[in-house]
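Trainee: If it helps, the file is called model-v9.txt and holds compact mmCIF, C-alpha atoms and all ligand atoms:
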```
# COMPACT_ATOMS: atom_id res chain seq x y z
CA MET C 11 10.80 37.27 17.70
CA CYS C 12 7.51 39.14 18.07
CA ASP C 13 5.09 39.28 21.01
CA GLY C 14 2.33 37.55 19.10
CA GLN C 15 0.47 34.56 20.51
CA MET C 16 0.74 31.12 18.95
CA ARG C 17 -2.77 29.84 18.35
CA GLU C 18 -3.97 26.49 17.13
CA ARG C 19 -5.06 26.73 13.52
CA LEU C 20 -5.59 24.62 10.43
CA ILE C 21 -2.51 25.42 8.39
CA TRP C 22 -1.06 24.56 5.00
CA GLN C 23 2.40 23.06 5.28
CA GLU C 24 4.79 22.27 2.44
CA ASP C 25 6.50 18.92 2.77
CA GLU C 26 7.98 16.10 0.78
CA LEU C 27 7.64 12.33 1.02
CA LYS C 28 9.54 9.84 -1.17
CA SER C 29 10.58 12.74 -3.45
CA VAL C 30 6.97 13.86 -3.99
CA LYS C 31 6.35 17.50 -3.06
CA LEU C 32 3.15 17.92 -1.07
CA ARG C 33 0.95 20.67 0.32
CA VAL C 34 -0.55 19.35 3.51
CA ARG C 35 -3.59 20.64 5.39
CA THR C 36 -3.08 19.93 9.07
CA ARG C 37 -3.58 21.16 12.62
CA GLY C 38 -0.72 23.45 13.65
CA VAL C 39 0.02 26.64 15.52
CA LYS C 40 0.19 30.08 13.97
CA CYS C 41 1.34 33.42 15.38
CA ASP C 42 -1.54 35.92 15.39
CA GLN C 43 0.91 38.78 14.77
CA CYS C 44 3.57 37.78 12.25
CA GLY C 45 1.93 34.71 10.76
CA TYR C 46 4.78 32.36 11.66
CA GLN C 47 3.43 28.81 11.65
CA SER C 48 4.62 25.46 12.87
CA VAL C 49 3.46 22.05 14.03
CA SER C 50 3.79 21.40 17.77
CA VAL C 51 5.17 18.18 19.24
CA GLY C 52 1.67 17.11 20.27
CA GLN C 53 0.43 17.56 16.70
CA MET C 54 3.25 15.60 15.06
CA ALA C 55 1.51 12.20 14.87
CA GLU C 56 -1.53 13.74 13.23
CA TYR C 57 0.75 15.69 10.92
CA GLY C 58 2.63 12.53 9.93
CA ARG C 59 -0.65 10.93 8.93
CA ALA C 60 -1.68 14.06 7.01
CA VAL C 61 1.58 13.92 5.04
CA ALA C 62 1.14 10.21 4.33
CA ASP C 63 -2.47 10.80 3.25
CA ALA C 64 -1.50 13.68 0.96
CA TYR C 65 1.12 11.41 -0.59
CA ARG C 66 -1.38 8.56 -0.95
CA GLN C 67 -3.91 10.86 -2.57
CA ALA C 68 -1.27 12.11 -5.01
CA GLN C 69 -0.29 8.51 -5.85
CA GLY C 70 -3.83 7.14 -6.10
CA LEU C 71 -3.44 4.98 -2.99
CA LEU C 72 -6.04 4.42 -0.29
CA THR C 73 -5.75 6.87 2.62
CA SER C 74 -5.80 5.87 6.31
CA ALA C 75 -9.49 6.75 6.55
CA GLU C 76 -10.31 4.85 3.36
CA ILE C 77 -8.57 1.74 4.64
CA ARG C 78 -10.46 1.98 7.95
CA ALA C 79 -13.70 2.51 6.03
CA ALA C 80 -13.03 -0.50 3.78
CA ARG C 81 -12.40 -2.68 6.82
CA GLY C 82 -15.52 -1.24 8.47
CA ARG C 83 -17.69 -2.08 5.46
CA LEU C 84 -16.71 -5.72 5.94
CA ASP C 85 -17.24 -5.42 9.71
CA MET C 86 -13.82 -6.89 10.43
CA SER C 87 -11.44 -6.31 13.33
CA GLN C 88 -7.86 -5.38 12.47
CA GLN C 89 -6.85 -9.00 13.10
CA GLU C 90 -9.62 -10.37 10.88
CA PHE C 91 -8.72 -7.90 8.17
CA ALA C 92 -5.03 -8.86 8.41
CA ASP C 93 -5.91 -12.56 8.12
CA TYR C 94 -8.23 -11.79 5.20
CA LEU C 95 -5.44 -9.98 3.31
CA GLY C 96 -2.75 -12.44 4.36
CA VAL C 97 -0.60 -9.84 6.13
CA GLY C 98 0.41 -9.30 9.75
CA ILE C 99 -1.81 -7.22 12.03
CA ALA C 100 1.12 -4.79 12.48
CA SER C 101 0.82 -3.86 8.79
CA VAL C 102 -2.89 -3.04 9.10
CA LYS C 103 -2.20 -0.96 12.22
CA ARG C 104 0.63 0.92 10.50
CA TRP C 105 -1.47 1.70 7.41
CA GLU C 106 -4.38 2.96 9.46
CA TRP C 107 -2.02 4.92 11.69
CA GLY C 108 -0.49 6.58 8.64
CA GLN C 109 2.30 4.58 7.05
CA VAL C 110 2.11 4.34 3.27
CA GLN C 111 1.24 0.85 2.00
CA GLU C 112 2.97 -0.88 -0.90
CA LYS C 113 1.21 -0.42 -4.21
CA SER C 114 0.75 -4.18 -4.51
CA LEU C 115 -1.03 -4.33 -1.15
CA ASP C 116 -3.13 -1.33 -2.05
CA ARG C 117 -4.28 -3.26 -5.12
CA LEU C 118 -4.98 -6.35 -3.04
CA MET C 119 -7.05 -4.32 -0.56
CA ARG C 120 -9.12 -2.85 -3.38
CA LEU C 121 -9.69 -6.24 -4.98
CA LEU C 122 -10.74 -7.82 -1.70
CA THR C 123 -12.87 -4.99 -0.29
CA ASP C 124 -14.48 -3.33 -3.31
CA ALA C 125 -16.86 -5.54 -5.30
CA VAL C 126 -17.12 -3.03 -8.16
CA GLN C 127 -13.34 -2.98 -8.61
CA ALA C 128 -13.14 -6.76 -8.28
CA GLU C 129 -15.81 -7.20 -10.98
CA ARG C 130 -14.10 -4.70 -13.24
CA SER C 131 -10.83 -6.54 -12.77
CA ALA C 132 -12.44 -9.93 -13.47
CA ARG C 133 -14.04 -8.55 -16.62
CA HIS C 134 -10.76 -7.10 -17.78
CA LEU C 135 -9.00 -10.38 -17.09
CA ARG C 136 -11.59 -12.45 -18.98
CA THR C 137 -11.41 -10.14 -22.00
CA ARG C 138 -7.64 -10.31 -22.00
CA VAL C 139 -7.48 -14.10 -21.74
CA ARG C 140 -10.14 -14.49 -24.45
CA ARG C 141 -8.18 -12.18 -26.73
CA LEU C 142 -4.95 -14.09 -26.10
CA LYS C 143 -6.64 -17.44 -26.82
CA ARG C 144 -7.78 -16.16 -30.18
CA ARG C 145 -4.25 -15.14 -31.06
CA PRO C 146 -2.29 -17.96 -32.71
CA VAL C 147 0.41 -19.10 -30.32
CA GLY C 148 3.87 -19.33 -31.89
CA SER C 149 5.36 -22.84 -31.86
CA ALA C 150 8.41 -21.53 -30.02
CA ASP C 151 6.25 -20.21 -27.15
CA ALA C 152 4.38 -23.48 -26.91
CA ALA C 153 7.62 -25.47 -26.84
CA GLN C 154 9.00 -23.27 -24.10
CA LEU C 155 5.98 -23.89 -21.90
CA ARG C 156 6.58 -27.64 -22.03
CA HIS C 157 10.35 -27.47 -21.80
CA PRO C 158 11.57 -30.33 -19.61
CA SER C 159 14.37 -28.26 -18.07
CA ALA C 160 11.87 -26.42 -15.86
CA ARG C 161 11.07 -29.69 -14.11
CA SER C 162 14.64 -30.78 -13.74
CA ILE C 163 15.55 -27.39 -12.23
CA ALA C 164 12.81 -27.82 -9.64
CA ARG C 165 14.07 -31.33 -8.82
CA SER C 166 17.69 -30.25 -8.41
CA SER C 167 16.79 -27.31 -6.15
CA SER C 168 15.00 -29.60 -3.70
CA GLY C 169 17.83 -32.13 -3.82
CA PRO C 170 20.57 -30.53 -1.65
CA ARG C 171 18.29 -30.23 1.37
CA GLY C 172 18.65 -33.87 2.40
CA SER C 173 22.33 -34.14 1.56
CA GLY C 174 23.11 -30.92 3.40
CA LYS C 175 21.73 -32.33 6.62
CA THR C 176 24.05 -35.33 6.59
CA ALA C 177 27.07 -33.22 5.63
CA ALA C 178 26.52 -30.93 8.62
CA ARG C 179 26.80 -33.72 11.18
ZN ZN O 201 4.94 36.29 15.63
```
Output the structure of this file as structure tokens.
Ligand SMILES: [Zn+2]
Mentor:
Amino acid sequence: MCDGQMRERLIWQEDELKSVKLRVRTRGVKCDQCGYQSVSVGQMAEYGRAVADAYRQAQGLLTSAEIRAARGRLDMSQQEFADYLGVGIASVKRWEWGQVQEKSLDRLMRLLTDAVQAERSARHLRTRVRRLKRRPVGSADAAQLRHPSARSIARSSSGPRGSGKTAAR
């Protein structure tokens, strides 16, 4: 222990999230004498978000601020945005608060909020489909697509519902 004073500072903190090592810039407290630094209880929520954002940046995912900005560009409330994406409002709140979103939902957010990305994706998709159409389809592939067993599987899976009801009573 030293007699230094803990002062609020922007500090660099080493941390790890989902096995990714991160250097996080966050608000913390630092001793003006020995340089000991820490994050106080009152700074923990902000720190949690900083860690999540550092992770998201490292993984190429939208950060909390970017998600809020994307929603803001569309002038949507959290509820409207949740409906628009087809998720619960709790998810939107968690992401904006600092919980890391699934990669699939990150992709969905980009496709539905960023016209440039959506156009790029559509272009890519069209090119790919066009290229596949040009390629001669093997007769085995074509036969598989029309295989009757796919339909009979679907029929049999819906079958037991009715019979199960009568068996239960
Ligand atoms: Zn000290």
Trainee: Which of these, C:Trp22, C:Tyr46, C:Tyr57, C:Tyr65, has the shortest distance to ligand ZN 201 (chain O) once you count only C-alpha atoms and all ligand atoms?
Mentor: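 Among the listed residues, C:Tyr46 lies closest to ligand ZN 201 (chain O).
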Trainee: Suppose you want the space between atom CA of Trp105 of chain C and atom CA of Ile77 of chain C; what is it in Å?
Mentor: 7.6 Å
Trainee: Please identify every polymer residue within 9 Å of ligand ZN 201 (chain O), using all atoms listed in the file, and present the set as number ranges by chain.
Mentor: C: 11-16, 40-47
Trainee: One number please: atom CA of Leu32 of chain C to atom CA of Lys113 of chain C, in Å, one decimal.
Mentor: 18.7 Å
Trainee: Find the distance between atom CA of Ala80 of chain C and atom CA of Ala92 of chain C and write it in Å to one decimal.
Mentor: 12.5 Å
Trainee: Rank nothing, just name the residue among C:Gly38, C:Gln23, C:Trp107, C:Ser101 nearest to Ala62 of chain C, using all atoms listed in the file.
Mentor: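 Closest candidate: C:Trp107.
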Trainee: Of the residues C:Asp25, C:Phe91, C:Gln109, C:Ile99, which is the one nearest to Arg59 of chain C, using only C-alpha atoms?
Mentor: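 With only C-alpha atoms as the atom set, the closest residue is C:Gln109.
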Trainee: From the set C:Ser131, C:Thr36, C:Gln69, C:Gln53, which residue has the shortest atom-to-atom contact distance to Glu112 of chain C, counting only C-alpha atoms?
Mentor: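 Of C:Ser131, C:Thr36, C:Gln69, C:Gln53, the one nearest Glu112 of chain C is C:Gln69, counting only C-alpha atoms.
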Trainee: Can you work out which one of C:Leu135, C:Val97, C:Ala68, C:Ala125 has the shortest atom-to-atom distance to Ser29 of chain C, counting only C-alpha atoms?
Mentor: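 Smallest separation from Ser29 of chain C among the options: C:Ala68.
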Trainee: Using only C-alpha atoms, which residue out of C:Glu26, C:Glu129, C:Arg120, C:Gly108 lies closest to Ala55 of chain C?
Mentor: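 The answer is C:Gly108, which sits nearest to Ala55 of chain C.
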